[in-house]
Amino acid sequence: DNIRLLKLDVGADEAAIEPHSAAIPVPKVKVAAWSPDGSALAIVDPSKGVVVVEVVEGTKEGQQLVIQGSSKTTQGLFWSPLSSSLLTLAALPKGSTEPNLQVWRRSSKDGCESGGGTGEYLCAASFHHPKLQNDRQVIKWTSDEQFCARLTAEGNLHLHDGADPGGVPIELEFPHAAQEFAFAPIRPKPPLQMRLAVFVPDVRDDLQRVAAPGEVAIWEVASLPPASTPQPRELQPRKRVSASVAAGQTADLMWSPSGTAVLAHCMTEVDESGKSYYGGSRLVLVSHDGSAVKDFTDPDEFGAGGVTQAASWSPTRDEFVLIRGFQPAQVTLWTWDHRARKVSMVKVLLEKAHRNTIRYNPFGSLVCLAGFGNLAGEMDFFGRLDDDRGDYLLVASAVANCTVSAEWAPDGRHMLTAVLSPRMRVDNGVFVWRALAGMKVSELAADELYEVQWRPEPPDSLRFLDVSMEEVERATKGFVDRTMKDGVGAKKQAYRPPKARGAEGSSTVAAMM
């Protein structure tokens with residue numbers, strides 16, 4: 001019945017989870033979201049609506065701001081990249097036409113155009129969006145917040161000024177309703193103002209057979225005249241790339257750090273091949289100019305292709321990890337060369353392993369490959385050893401049973417795993433692991449735990465240093481030594497029940513005779 005702010009005190013061999021401030025009493029709170037700069041925590045109080053808790057360094061108590069007019073049934077919270085806007089999504093009663101999607105911006109205490117200098121969160125825009133899932137963000141901003149876009153209920157895309165999401169939009173229309181979009185992380189270079197990828201799902205007949213393929217399109221929006229002139233900007237969108245996808249009803253769009261290629265993880269409710277109960281999936285890479293298109297579902301010289309379990313870009317380099325094939329799956333490392341317009345496989349990290357989760361640390365120097373959900377919770381930590389070759393080596397392994405949520409700490413050295421309700425009704429708790437050693441250093445049990453999140457570091461923070469290659473080398477050597485000492489590399493023998501295990505490998509019956 002409360003939210004607790006905790007801190008991790010890291011020692012040499014263990015870490016202590018200690019209270020950072022007094023608990024925030026909120027009955028039955030199940031939704032919370034940190035702002036990207038870590039300065040505020042948005043929560044939903046069923047009796048008040050959305051509440052923003054501002055956390056100030058050096059103080060034990062945070063200032064609570066109730067957003068007047070926010071819905072008490074809010075189910076989704078999303079911050080803009082620079083933490084200036086908060087997007088809230090509320091549940092709608094059947095037949096209601098009231099706005100359920102709202103954008104809130106905080107007015108400056110010194111005064112602003114619409115805020116009156118009160119320091120309150122004011123509604124900048126509101127929309128009616130029925131049948132919207134609480135984990136879908138349909139309003140997104142560019143990284144500098146100069147522009148934003150909204151995916152309408154009809155499947156069109158509206159482009160707005162980032163500070164005025166309710167203004168007159170520029171509309172992008174598609175052959176049929178779009179399902180997802182994502183802005184590329186690029187800096188505006190006049191006349192180019194933004195680049196975004198849009199996924200349009202396939203068309204199906206009454207029997208749910210594919211009648212027309214899906215599409216991954218890349219749009220670029222330029223300013224005319226150039227933004228350097230004092231005249232008002234006129235934005236002109238242009239579809240630059242259109243790549244066909246054989247089948248896909250939903251998709252996750254992931255841009256490379258350079259913004260020159262996008263990975264589209266396309267999924268279907270039913271696997272048309274009949275090989276998977278969980279539906280079908282395929283992964284397609286599309287370059288920003290259309291010069292490179294690769295479908296990783298097709299067999300190639302590096303593997304048998306097949307279903308995509310997971311894929312994730314490094315946060316700092318144009319390289320990604322791909323888990324594909326049925327379990328046990330193959331885990332491979334790929335690199336994207338935007339100058340040569342070529343994607344290449346660098347290394348097979350795991351030939352056959354039960355893995356379906358990829359988590360890079362904030363620096364891209366460590367990556368956790370895990371098997372969560374309906375898998376056993378095995379985790380392998382790989383460290384980046386060479387900047388030129390992009391080589392990763394195994395530094396540690398561990399097992400985190402029943403994990404529902406996993407997230408790296410801002411220091412890039414500790415991994416948090418959590419067992420959460422309602423997915424797991426028992427054994428709820430938080431566990432912290434030291435990645436370079438594969439060792440659990442702290443844990444905190446709870447009767448009922450709904451969500452756990454690290455507080456983000458500000459973008460300009462220099463509090464934590466990246467993991468060095470020397471540390472990775474030492475960790476790798478230590479892991480090999482431990483493996484040899486524990487006899488993991490010993491030859492596996494056939495299983496025999498305990499009563500059949502006698503001295504020198506003979507059975508009990510043989511010993512009696």
# chains A, B, ... in the order shown; residues from 1 in each chain; ligands from 1
$ residues_around --residues "Leu350 in chain A" --least-positions-apart "4" --cutoff "9 Å" --atoms "only C-alpha atoms" --output "PyMOL selection string"
chain A and resi 329-332
$ select_by_dssp --residues "range 251-323 of chain A" --states "strand (DSSP E)" --output "PyMOL selection string"
chain A and resi 251-255+261-268+280-287+293-295+308-313+319-323
$ residues_around --residues "Thr152 in chain A" --least-positions-apart "2" --cutoff "12 Å" --atoms "only C-alpha atoms" --output "ChimeraX atom specification"
/A:101,127-132,137-139,149-150,154-159,169,171-173,177-181
$ residues_around --residues "Ala124 in chain A" --least-positions-apart "4" --cutoff "9 Å" --atoms "only C-alpha atoms" --output "VMD selection string"
chain A and resid 85 102 to 105 114 163 to 166
$ atom_distance --atom1 "CA of Ala353 in chain A" --atom2 "CA of Thr403 in chain A"
17.3 Å
$ closest_residue --among "A:Val348, A:Val467, A:Val44, A:Ala217" --to "Leu385 in chain A" --atoms "only C-alpha atoms"
A:Val467
$ residues_around --residues "Tyr360 in chain A" --least-positions-apart "6" --cutoff "12 Å" --atoms "only C-alpha atoms" --output "PyMOL selection string"
chain A and resi 311-317+319-321+366-370+380-384+406-410+412-415+435
$ write_last_selection --atoms "C-alpha atoms" --output "CSV table (one decimal), in the first residue's frame"
chain,number,residue,atom,x,y,z
A,311,ALA,CA,16.7,-8.5,-30.8
A,312,SER,CA,18.3,-5.4,-29.3
A,313,TRP,CA,20.8,-2.7,-30.4
A,314,SER,CA,23.7,-1.6,-28.3
A,315,PRO,CA,22.9,1.8,-26.8
A,316,THR,CA,26.2,3.2,-28.0
A,317,ARG,CA,27.3,1.4,-31.2
A,319,GLU,CA,25.7,-3.5,-33.3
A,320,PHE,CA,22.9,-5.7,-32.1
A,321,VAL,CA,22.3,-9.1,-30.5
A,366,LEU,CA,28.1,-5.5,-20.9
A,367,VAL,CA,25.1,-7.4,-22.1
A,368,CYS,CA,22.9,-9.9,-20.3
A,369,LEU,CA,21.4,-12.8,-22.2
A,370,ALA,CA,18.7,-14.5,-20.2
A,380,ASP,CA,24.9,-15.1,-19.1
A,381,PHE,CA,26.9,-11.9,-18.8
A,382,PHE,CA,29.1,-11.0,-21.8
A,383,GLY,CA,31.7,-8.2,-21.8
A,384,ARG,CA,33.0,-6.2,-24.7
A,406,ALA,CA,15.1,-7.2,-15.3
A,407,GLU,CA,16.9,-3.9,-15.5
A,408,TRP,CA,20.5,-2.6,-15.4
A,409,ALA,CA,21.5,-0.2,-12.7
A,410,PRO,CA,22.8,3.2,-13.9
A,412,GLY,CA,26.3,-0.4,-15.6
A,413,ARG,CA,27.8,-3.0,-13.2
A,414,HIS,CA,24.7,-4.3,-11.3
A,415,MET,CA,21.6,-6.0,-12.7
A,435,ALA,CA,27.5,-8.7,-13.3
$ residues_around --residues "Ala197 in chain A" --least-positions-apart "4" --cutoff "7 Å" --atoms "only C-alpha atoms" --output "list of chain:residue names"
A:Phe181, A:Ala182, A:Phe183, A:Val216, A:Ala217, A:Ile218, A:Trp219
$ write_last_selection --atoms "N, CA and C atoms" --output "PDB file, in the first residue's frame"
ATOM      1  N   PHE A 181       5.107   3.477 -34.812  1.00  0.00           N
ATOM      2  CA  PHE A 181       6.083   4.386 -35.414  1.00  0.00           C
ATOM      3  C   PHE A 181       7.183   4.658 -34.406  1.00  0.00           C
ATOM      4  N   ALA A 182       8.319   5.152 -34.888  1.00  0.00           N
ATOM      5  CA  ALA A 182       9.447   5.482 -34.008  1.00  0.00           C
ATOM      6  C   ALA A 182      10.333   6.516 -34.682  1.00  0.00           C
ATOM      7  N   PHE A 183      10.745   7.534 -33.912  1.00  0.00           N
ATOM      8  CA  PHE A 183      11.657   8.563 -34.415  1.00  0.00           C
ATOM      9  C   PHE A 183      13.093   8.047 -34.377  1.00  0.00           C
ATOM     10  N   VAL A 216       7.190  -1.656 -43.912  1.00  0.00           N
ATOM     11  CA  VAL A 216       8.010  -0.805 -43.062  1.00  0.00           C
ATOM     12  C   VAL A 216       8.465   0.371 -43.925  1.00  0.00           C
ATOM     13  N   ALA A 217       7.966   1.551 -43.597  1.00  0.00           N
ATOM     14  CA  ALA A 217       8.283   2.744 -44.386  1.00  0.00           C
ATOM     15  C   ALA A 217       9.120   3.711 -43.557  1.00  0.00           C
ATOM     16  N   ILE A 218      10.028   4.391 -44.219  1.00  0.00           N
ATOM     17  CA  ILE A 218      10.850   5.414 -43.567  1.00  0.00           C
ATOM     18  C   ILE A 218      10.524   6.763 -44.204  1.00  0.00           C
ATOM     19  N   TRP A 219      10.103   7.691 -43.356  1.00  0.00           N
ATOM     20  CA  TRP A 219       9.734   9.033 -43.798  1.00  0.00           C
ATOM     21  C   TRP A 219      10.783  10.027 -43.305  1.00  0.00           C
TER      22      TRP A 219
END
$ residues_around --residues "Ala90 in chain A" --least-positions-apart "3" --cutoff "9 Å" --atoms "only C-alpha atoms" --output "ChimeraX atom specification"
/A:70-76,99-102,134
$ closest_residue --among "A:Ala400, A:Ala184, A:Ala261, A:Leu420" --to "Asp289 in chain A" --atoms "only C-alpha atoms"
A:Ala261
$ atom_distance --atom1 "CA of Val210 in chain A" --atom2 "CA of Ala292 in chain A"
24.9 Å
$ atom_distance --atom1 "CA of Val66 in chain A" --atom2 "CA of Val51 in chain A"
4.5 Å
$ closest_residue --among "A:His288, A:Asp271, A:Cys266, A:Leu283" --to "Val241 in chain A" --atoms "only C-alpha atoms"
A:His288
